[in-house]
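**Student:** Here it is, the structure in full.
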Amino acid sequence: MVDVNDIKNGMTLLIEGNIFQVVEFLHVKPGKGSAFMKTKMQNLRTGSTIERTFNTNVKFEEARIDRVKVQYLYEDNGSYNFMDVETYDQFELSAEQIGDKKNYLIENCEVEVTRYGNELLGIAVPEKVVFTVVSTEPATKGNTSTNATKDAYTETGMLVKVPLFIEEGEKIIVTSYDGKYYSRA
């Protein structure tokens, strides 16, 4: 059991049957009345974020989350297939479990799967992902205003704003937390 005063950012807790990860916390001790803890937590099953306030005498059960390295194999009618790199067990996740991270899944890339017991909660993609530009319009001569960009599509179908000098077939690095062009690969 975890005392509410021992909560830290990133900690995973089991609250009312749901698994939450603490995003932010603030210990508040007002001049009058008892102290309390304000928290911002993400539900790892649904992805939603909530804010809750707890009295300082509350205790929670800590949820033991496992992160396992897996290899993405392929997509088949909305099912995304993966293989555990240690045990070679194969499993699939639905498009709902993957969410927007499907744009960062390239065949044979390694990602982390988050598990609570036997329940698969989701995936974590690398911070920077290398893509091949499959479609972009050529740069227009004279169109060189500061920070000029154009649209480019990656092999996963993701639209990325890239500098004018990027051409089809080039490899680029995209940051997964904001989906923006980082550099050439």
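Chain lettering (A, B, ...) mirrors the order of the structure tokens, residue numbering begins at 1 for each chain separately, and ligand numbering begins at 1 in order of display.
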Using 10 Å as the limit and counting only C-alpha atoms, can you tabulate each residue of stretch 44-117 of chain A that touches stretch 165-177 of chain A, with its shortest atom-to-atom distance in Å and the two atoms involved, as a tab-separated table?
**Tutor:**
```
residue	atom	partner	partner_atom	distance
A:Asp100	CA	A:Ser176	CA	10.0
A:Lys101	CA	A:Ser176	CA	8.1
A:Asn103	CA	A:Ser176	CA	9.1
A:Tyr104	CA	A:Ser176	CA	7.1
```
**Student:** List every residue of chain A that DSSP, applied to the backbone, labels as strand (DSSP E or B), and write the result as a PyMOL selection string.
**Tutor:** chain A and resi 2-3+12-15+18-28+36-43+49-55+59-62+66-76+79-84+90-94+110-116+119-124+128-136+149-154+159-163+171-175+180-184
**Student:** Tell me which of A:Val58, A:Ile123, A:Ala35, A:Val23 sits closest to A:Tyr72, counting only C-alpha atoms.
**Tutor:**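 Answer, going by the shortest atom-to-atom distance: A:Ile123.
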**Student:** Extract, using only C-alpha atoms, all DNA, RNA and protein residues at most 12 Å from stretch 127-140 of chain A, discarding same-chain residues fewer than 2 positions from it, and format them as a JSON list (two decimals) with N, CA, C and O atoms, in the first residue's frame.
**Tutor:**
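Once everything was written out, this is around34.json:
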```
[["chain", "number", "residue", "atom", "x", "y", "z"],
["A", 101, "LYS", "N", -0.70, 6.35, -32.29],
["A", 101, "LYS", "CA", 0.65, 5.80, -32.42],
["A", 101, "LYS", "C", 0.80, 4.92, -33.65],
["A", 101, "LYS", "O", 1.91, 4.57, -34.03],
["A", 103, "ASN", "N", 0.60, 5.80, -36.58],
["A", 103, "ASN", "CA", 1.39, 6.56, -37.56],
["A", 103, "ASN", "C", 2.89, 6.33, -37.42],
["A", 103, "ASN", "O", 3.65, 6.63, -38.34],
["A", 104, "TYR", "N", 3.32, 5.83, -36.26],
["A", 104, "TYR", "CA", 4.75, 5.64, -36.00],
["A", 104, "TYR", "C", 5.18, 4.18, -36.10],
["A", 104, "TYR", "O", 6.31, 3.85, -35.80],
["A", 105, "LEU", "N", 4.25, 3.31, -36.50],
["A", 105, "LEU", "CA", 4.56, 1.88, -36.59],
["A", 105, "LEU", "C", 5.02, 1.51, -37.99],
["A", 105, "LEU", "O", 4.25, 1.52, -38.94],
["A", 106, "ILE", "N", 6.30, 1.19, -38.11],
["A", 106, "ILE", "CA", 6.90, 0.74, -39.36],
["A", 106, "ILE", "C", 7.25, -0.73, -39.15],
["A", 106, "ILE", "O", 7.75, -1.11, -38.08],
["A", 107, "GLU", "N", 6.98, -1.57, -40.14],
["A", 107, "GLU", "CA", 7.24, -3.00, -39.99],
["A", 107, "GLU", "C", 8.64, -3.26, -39.48],
["A", 107, "GLU", "O", 9.60, -2.64, -39.91],
["A", 109, "CYS", "N", 9.89, -2.51, -36.58],
["A", 109, "CYS", "CA", 10.43, -1.58, -35.59],
["A", 109, "CYS", "C", 10.14, -2.11, -34.18],
["A", 109, "CYS", "O", 9.21, -2.88, -33.97],
["A", 110, "GLU", "N", 10.97, -1.69, -33.22],
["A", 110, "GLU", "CA", 10.77, -2.10, -31.83],
["A", 110, "GLU", "C", 10.05, -1.01, -31.07],
["A", 110, "GLU", "O", 10.36, 0.17, -31.20],
["A", 111, "VAL", "N", 9.06, -1.43, -30.26],
["A", 111, "VAL", "CA", 8.30, -0.54, -29.39],
["A", 111, "VAL", "C", 8.18, -1.21, -28.03],
["A", 111, "VAL", "O", 8.56, -2.36, -27.86],
["A", 112, "GLU", "N", 7.66, -0.47, -27.05],
["A", 112, "GLU", "CA", 7.42, -1.04, -25.72],
["A", 112, "GLU", "C", 5.93, -1.21, -25.52],
["A", 112, "GLU", "O", 5.15, -0.31, -25.82],
["A", 124, "ALA", "N", 4.30, 2.20, -26.32],
["A", 124, "ALA", "CA", 5.11, 3.42, -26.27],
["A", 124, "ALA", "C", 6.09, 3.34, -27.43],
["A", 124, "ALA", "O", 6.86, 2.39, -27.53],
["A", 125, "VAL", "N", 6.03, 4.31, -28.33],
["A", 125, "VAL", "CA", 6.92, 4.33, -29.49],
["A", 125, "VAL", "C", 8.19, 5.10, -29.14],
["A", 125, "VAL", "O", 8.20, 5.88, -28.19],
["A", 142, "GLY", "N", 12.54, 30.29, -55.72],
["A", 142, "GLY", "CA", 12.21, 31.64, -55.26],
["A", 142, "GLY", "C", 11.33, 31.63, -54.02],
["A", 142, "GLY", "O", 11.13, 32.65, -53.39],
["A", 143, "ASN", "N", 10.77, 30.49, -53.65],
["A", 143, "ASN", "CA", 9.90, 30.40, -52.47],
["A", 143, "ASN", "C", 10.77, 30.09, -51.25],
["A", 143, "ASN", "O", 10.72, 29.02, -50.68],
["A", 144, "THR", "N", 11.59, 31.04, -50.85],
["A", 144, "THR", "CA", 12.55, 30.79, -49.76],
["A", 144, "THR", "C", 12.37, 31.76, -48.61],
["A", 144, "THR", "O", 13.33, 32.27, -48.07],
["A", 145, "SER", "N", 11.14, 32.04, -48.26],
["A", 145, "SER", "CA", 10.94, 32.88, -47.08],
["A", 145, "SER", "C", 11.40, 32.10, -45.85],
["A", 145, "SER", "O", 11.57, 30.89, -45.90],
["A", 148, "ALA", "N", 10.29, 28.26, -44.46],
["A", 148, "ALA", "CA", 9.33, 27.77, -45.45],
["A", 148, "ALA", "C", 9.24, 26.25, -45.36],
["A", 148, "ALA", "O", 10.26, 25.57, -45.27],
["A", 149, "THR", "N", 8.02, 25.73, -45.36],
["A", 149, "THR", "CA", 7.81, 24.28, -45.29],
["A", 149, "THR", "C", 6.83, 23.85, -46.36],
["A", 149, "THR", "O", 6.13, 24.67, -46.96],
["A", 150, "LYS", "N", 6.78, 22.54, -46.56],
["A", 150, "LYS", "CA", 5.82, 21.95, -47.49],
["A", 150, "LYS", "C", 5.33, 20.65, -46.88],
["A", 150, "LYS", "O", 5.91, 20.13, -45.93],
["A", 151, "ASP", "N", 4.24, 20.11, -47.44],
["A", 151, "ASP", "CA", 3.67, 18.86, -46.95],
["A", 151, "ASP", "C", 4.44, 17.68, -47.51],
["A", 151, "ASP", "O", 4.81, 17.67, -48.69],
["A", 152, "ALA", "N", 4.65, 16.67, -46.66],
["A", 152, "ALA", "CA", 5.27, 15.42, -47.10],
["A", 152, "ALA", "C", 4.53, 14.27, -46.43],
["A", 152, "ALA", "O", 4.08, 14.40, -45.28],
["A", 153, "TYR", "N", 4.38, 13.17, -47.15],
["A", 153, "TYR", "CA", 3.72, 11.98, -46.59],
["A", 153, "TYR", "C", 4.75, 10.88, -46.38],
["A", 153, "TYR", "O", 5.59, 10.64, -47.24],
["A", 154, "THR", "N", 4.66, 10.20, -45.23],
["A", 154, "THR", "CA", 5.57, 9.11, -44.92],
["A", 154, "THR", "C", 4.95, 7.79, -45.39],
["A", 154, "THR", "O", 3.80, 7.75, -45.81],
["A", 155, "GLU", "N", 5.71, 6.70, -45.25],
["A", 155, "GLU", "CA", 5.21, 5.40, -45.68],
["A", 155, "GLU", "C", 4.03, 4.90, -44.84],
["A", 155, "GLU", "O", 3.31, 4.01, -45.25],
["A", 156, "THR", "N", 3.80, 5.50, -43.67],
["A", 156, "THR", "CA", 2.64, 5.12, -42.86],
["A", 156, "THR", "C", 1.42, 6.00, -43.18],
["A", 156, "THR", "O", 0.37, 5.82, -42.59],
["A", 157, "GLY", "N", 1.59, 6.96, -44.09],
["A", 157, "GLY", "CA", 0.49, 7.85, -44.45],
["A", 157, "GLY", "C", 0.41, 9.10, -43.61],
["A", 157, "GLY", "O", -0.51, 9.91, -43.77],
["A", 158, "MET", "N", 1.36, 9.31, -42.72],
["A", 158, "MET", "CA", 1.34, 10.49, -41.85],
["A", 158, "MET", "C", 1.81, 11.72, -42.62],
["A", 158, "MET", "O", 2.78, 11.67, -43.37],
["A", 159, "LEU", "N", 1.11, 12.83, -42.42],
["A", 159, "LEU", "CA", 1.46, 14.11, -43.03],
["A", 159, "LEU", "C", 2.42, 14.84, -42.10],
["A", 159, "LEU", "O", 2.13, 15.02, -40.91],
["A", 160, "VAL", "N", 3.57, 15.28, -42.65],
["A", 160, "VAL", "CA", 4.57, 16.00, -41.87],
["A", 160, "VAL", "C", 4.96, 17.26, -42.65],
["A", 160, "VAL", "O", 5.15, 17.21, -43.86],
["A", 161, "LYS", "N", 5.08, 18.38, -41.96],
["A", 161, "LYS", "CA", 5.58, 19.61, -42.57],
["A", 161, "LYS", "C", 7.11, 19.53, -42.56],
["A", 161, "LYS", "O", 7.71, 19.36, -41.50],
["A", 162, "VAL", "N", 7.71, 19.62, -43.76],
["A", 162, "VAL", "CA", 9.16, 19.49, -43.88],
["A", 162, "VAL", "C", 9.73, 20.71, -44.58],
["A", 162, "VAL", "O", 9.02, 21.43, -45.28],
["A", 163, "PRO", "N", 11.05, 20.97, -44.43],
["A", 163, "PRO", "CA", 11.68, 22.08, -45.16],
["A", 163, "PRO", "C", 11.61, 21.84, -46.67],
["A", 163, "PRO", "O", 11.47, 20.70, -47.13],
["A", 164, "LEU", "N", 11.77, 22.91, -47.44],
["A", 164, "LEU", "CA", 11.62, 22.83, -48.89],
["A", 164, "LEU", "C", 12.65, 21.93, -49.56],
["A", 164, "LEU", "O", 12.39, 21.39, -50.63],
["A", 165, "PHE", "N", 13.84, 21.73, -48.95],
["A", 165, "PHE", "CA", 14.88, 20.94, -49.60],
["A", 165, "PHE", "C", 14.66, 19.43, -49.52],
["A", 165, "PHE", "O", 15.35, 18.65, -50.16],
["A", 166, "ILE", "N", 13.69, 18.96, -48.73],
["A", 166, "ILE", "CA", 13.40, 17.52, -48.61],
["A", 166, "ILE", "C", 12.69, 17.05, -49.88],
["A", 166, "ILE", "O", 11.75, 17.67, -50.35],
["A", 167, "GLU", "N", 13.17, 15.92, -50.41],
["A", 167, "GLU", "CA", 12.59, 15.36, -51.64],
["A", 167, "GLU", "C", 12.07, 13.95, -51.40],
["A", 167, "GLU", "O", 12.41, 13.33, -50.39],
["A", 168, "GLU", "N", 11.27, 13.45, -52.35],
["A", 168, "GLU", "CA", 10.75, 12.09, -52.26],
["A", 168, "GLU", "C", 11.90, 11.10, -52.18],
["A", 168, "GLU", "O", 12.92, 11.27, -52.83],
["A", 169, "GLY", "N", 11.71, 10.05, -51.35],
["A", 169, "GLY", "CA", 12.72, 9.01, -51.21],
["A", 169, "GLY", "C", 13.73, 9.29, -50.10],
["A", 169, "GLY", "O", 14.46, 8.39, -49.70],
["A", 170, "GLU", "N", 13.78, 10.52, -49.59],
["A", 170, "GLU", "CA", 14.72, 10.84, -48.51],
["A", 170, "GLU", "C", 14.22, 10.30, -47.18],
["A", 170, "GLU", "O", 13.02, 10.16, -46.97],
["A", 171, "LYS", "N", 15.16, 10.03, -46.29],
["A", 171, "LYS", "CA", 14.82, 9.59, -44.94],
["A", 171, "LYS", "C", 14.86, 10.80, -44.02],
["A", 171, "LYS", "O", 15.80, 11.59, -44.06],
["A", 172, "ILE", "N", 13.80, 10.93, -43.20],
["A", 172, "ILE", "CA", 13.70, 12.04, -42.25],
["A", 172, "ILE", "C", 13.44, 11.47, -40.85],
["A", 172, "ILE", "O", 12.95, 10.36, -40.70],
["A", 173, "ILE", "N", 13.76, 12.27, -39.84],
["A", 173, "ILE", "CA", 13.48, 11.91, -38.45],
["A", 173, "ILE", "C", 12.32, 12.78, -37.97],
["A", 173, "ILE", "O", 12.34, 13.99, -38.14],
["A", 174, "VAL", "N", 11.31, 12.12, -37.37],
["A", 174, "VAL", "CA", 10.13, 12.81, -36.85],
["A", 174, "VAL", "C", 10.04, 12.52, -35.35],
["A", 174, "VAL", "O", 10.24, 11.38, -34.92],
["A", 175, "THR", "N", 9.74, 13.54, -34.55],
["A", 175, "THR", "CA", 9.58, 13.34, -33.11],
["A", 175, "THR", "C", 8.17, 12.81, -32.84],
["A", 175, "THR", "O", 7.19, 13.38, -33.34],
["A", 176, "SER", "N", 8.07, 11.75, -32.06],
["A", 176, "SER", "CA", 6.77, 11.10, -31.85],
["A", 176, "SER", "C", 5.87, 11.84, -30.87],
["A", 176, "SER", "O", 4.67, 11.65, -30.90],
["A", 177, "TYR", "N", 6.42, 12.69, -30.01],
["A", 177, "TYR", "CA", 5.56, 13.38, -29.06],
["A", 177, "TYR", "C", 4.77, 14.52, -29.69],
["A", 177, "TYR", "O", 3.73, 14.91, -29.19],
["A", 178, "ASP", "N", 5.27, 15.10, -30.82],
["A", 178, "ASP", "CA", 4.50, 16.17, -31.46],
["A", 178, "ASP", "C", 4.30, 15.97, -32.96],
["A", 178, "ASP", "O", 3.61, 16.76, -33.60],
["A", 179, "GLY", "N", 4.91, 14.93, -33.54],
["A", 179, "GLY", "CA", 4.71, 14.63, -34.96],
["A", 179, "GLY", "C", 5.38, 15.62, -35.89],
["A", 179, "GLY", "O", 4.96, 15.77, -37.04],
["A", 180, "LYS", "N", 6.44, 16.29, -35.44],
["A", 180, "LYS", "CA", 7.10, 17.31, -36.25],
["A", 180, "LYS", "C", 8.43, 16.82, -36.79],
["A", 180, "LYS", "O", 9.09, 15.98, -36.19],
["A", 181, "TYR", "N", 8.80, 17.39, -37.94],
["A", 181, "TYR", "CA", 10.10, 17.10, -38.57],
["A", 181, "TYR", "C", 11.20, 17.50, -37.61],
["A", 181, "TYR", "O", 11.17, 18.57, -37.01],
["A", 182, "TYR", "N", 12.23, 16.64, -37.47],
["A", 182, "TYR", "CA", 13.36, 16.93, -36.61],
["A", 182, "TYR", "C", 14.62, 17.19, -37.44],
["A", 182, "TYR", "O", 15.27, 18.21, -37.26],
["A", 183, "SER", "N", 14.94, 16.27, -38.35],
["A", 183, "SER", "CA", 16.11, 16.43, -39.21],
["A", 183, "SER", "C", 16.12, 15.36, -40.28],
["A", 183, "SER", "O", 15.26, 14.47, -40.29],
["A", 184, "ARG", "N", 17.12, 15.45, -41.16],
["A", 184, "ARG", "CA", 17.35, 14.36, -42.09],
["A", 184, "ARG", "C", 17.93, 13.20, -41.31],
["A", 184, "ARG", "O", 18.62, 13.39, -40.32],
["A", 185, "ALA", "N", 17.72, 12.00, -41.83],
["A", 185, "ALA", "CA", 18.27, 10.81, -41.16],
["A", 185, "ALA", "C", 19.65, 10.49, -41.71],
["A", 185, "ALA", "O", 20.01, 10.82, -42.78]]
```
**Student:** Name the residues of stretch 75-173 of chain A that come out as alpha helix (DSSP H) in a backbone DSSP run; write them as a PDB file with all heavy atoms, in the first residue's frame.
**Tutor:**
```pdb
ATOM      1  N   ALA A  95      -6.972  -1.270 -33.106  1.00  0.00           N
ATOM      2  CA  ALA A  95      -6.699   0.120 -33.484  1.00  0.00           C
ATOM      3  C   ALA A  95      -7.016   1.063 -32.323  1.00  0.00           C
ATOM      4  O   ALA A  95      -6.350   2.083 -32.148  1.00  0.00           O
ATOM      5  CB  ALA A  95      -7.505   0.495 -34.723  1.00  0.00           C
ATOM      6  N   GLU A  96      -8.021   0.730 -31.503  1.00  0.00           N
ATOM      7  CA  GLU A  96      -8.369   1.570 -30.355  1.00  0.00           C
ATOM      8  C   GLU A  96      -7.243   1.552 -29.318  1.00  0.00           C
ATOM      9  O   GLU A  96      -6.965   2.568 -28.697  1.00  0.00           O
ATOM     10  CB  GLU A  96      -9.676   1.095 -29.699  1.00  0.00           C
ATOM     11  CG  GLU A  96     -10.915   1.310 -30.544  1.00  0.00           C
ATOM     12  CD  GLU A  96     -11.107   0.219 -31.598  1.00  0.00           C
ATOM     13  OE1 GLU A  96     -10.719  -0.949 -31.360  1.00  0.00           O
ATOM     14  OE2 GLU A  96     -11.617   0.547 -32.684  1.00  0.00           O
ATOM     15  N   GLN A  97      -6.603   0.399 -29.114  1.00  0.00           N
ATOM     16  CA  GLN A  97      -5.511   0.307 -28.144  1.00  0.00           C
ATOM     17  C   GLN A  97      -4.268   1.039 -28.644  1.00  0.00           C
ATOM     18  O   GLN A  97      -3.504   1.571 -27.853  1.00  0.00           O
ATOM     19  CB  GLN A  97      -5.166  -1.159 -27.872  1.00  0.00           C
ATOM     20  CG  GLN A  97      -6.209  -1.890 -27.056  1.00  0.00           C
ATOM     21  CD  GLN A  97      -5.896  -3.362 -26.943  1.00  0.00           C
ATOM     22  OE1 GLN A  97      -5.851  -4.076 -27.931  1.00  0.00           O
ATOM     23  NE2 GLN A  97      -5.681  -3.810 -25.724  1.00  0.00           N
ATOM     24  N   ILE A  98      -4.068   1.084 -29.941  1.00  0.00           N
ATOM     25  CA  ILE A  98      -2.906   1.737 -30.543  1.00  0.00           C
ATOM     26  C   ILE A  98      -3.102   3.249 -30.603  1.00  0.00           C
ATOM     27  O   ILE A  98      -2.199   4.016 -30.313  1.00  0.00           O
ATOM     28  CB  ILE A  98      -2.628   1.185 -31.955  1.00  0.00           C
ATOM     29  CG1 ILE A  98      -2.371  -0.310 -31.919  1.00  0.00           C
ATOM     30  CG2 ILE A  98      -1.490   1.937 -32.616  1.00  0.00           C
ATOM     31  CD1 ILE A  98      -1.108  -0.721 -31.234  1.00  0.00           C
TER      32      ILE A  98
END
```
**Student:** Point out the residue among A:Ile65, A:Leu93, A:Val113, A:Ile7 with the least atom-to-atom distance to A:Met37, counting only C-alpha atoms.
**Tutor:** A:Ile7
**Student:** A:Thr53, A:Thr114, A:Asn108, A:Gln71: which is nearest A:His27, counting only C-alpha atoms?
**Tutor:**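 Between A:Thr53, A:Thr114, A:Asn108, A:Gln71, the residue approaching A:His27 most closely is A:Thr53.
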**Student:** Between A:Ser34, A:Thr49, A:Gln42, A:Ser94, which residue has the minimum interatomic distance to A:Leu14, considering only C-alpha atoms?
**Tutor:**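 Closest residue, counting only C-alpha atoms: A:Gln42.
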**Student:** A:Lys29: which residues within 12 Å, counting only C-alpha atoms, same-chain residues fewer than 3 positions away excluded, as a list in words?
**Tutor:**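 Once the nearby chain positions are removed, what remains is Asn5, Leu26, Lys32, Gly33, Ser34, Ala35, Phe36, Met37, Lys38, Asn55 and Thr56 of chain A.
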**Student:** Tell me which of A:Glu75, A:Asp84, A:Asp6, A:Glu119 sits closest to A:Asn57, counting only C-alpha atoms.
**Tutor:**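 Of the candidates, the smallest distance to A:Asn57 is held by A:Asp6.
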**Student:** List the neighbours of A:Gly10 out to 9 Å using only C-alpha atoms; skip same-chain residues closer than 4 positions along the sequence, and give me the result as a VMD selection string.
**Tutor:** chain A and resid 21 to 24
**Student:** Mind giving me the straight-line distance from atom CA of A:Gly99 to atom CA of A:Arg115 in Å, one decimal?
**Tutor:**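 Taking atom CA of A:Gly99 as the start and atom CA of A:Arg115 as the end point, the length is 16.3 Å.
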**Student:** Do you know which residues are at most 8 Å from A:Met83 counting only C-alpha atoms, after dropping those on the same chain fewer than 5 positions away, and could you put them as a list in words?
**Tutor:**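 Listed by chain and then number, they are Val70, Gln71, Tyr72, Leu73, Tyr88, Asp89, Gln90 and Phe91 of chain A.
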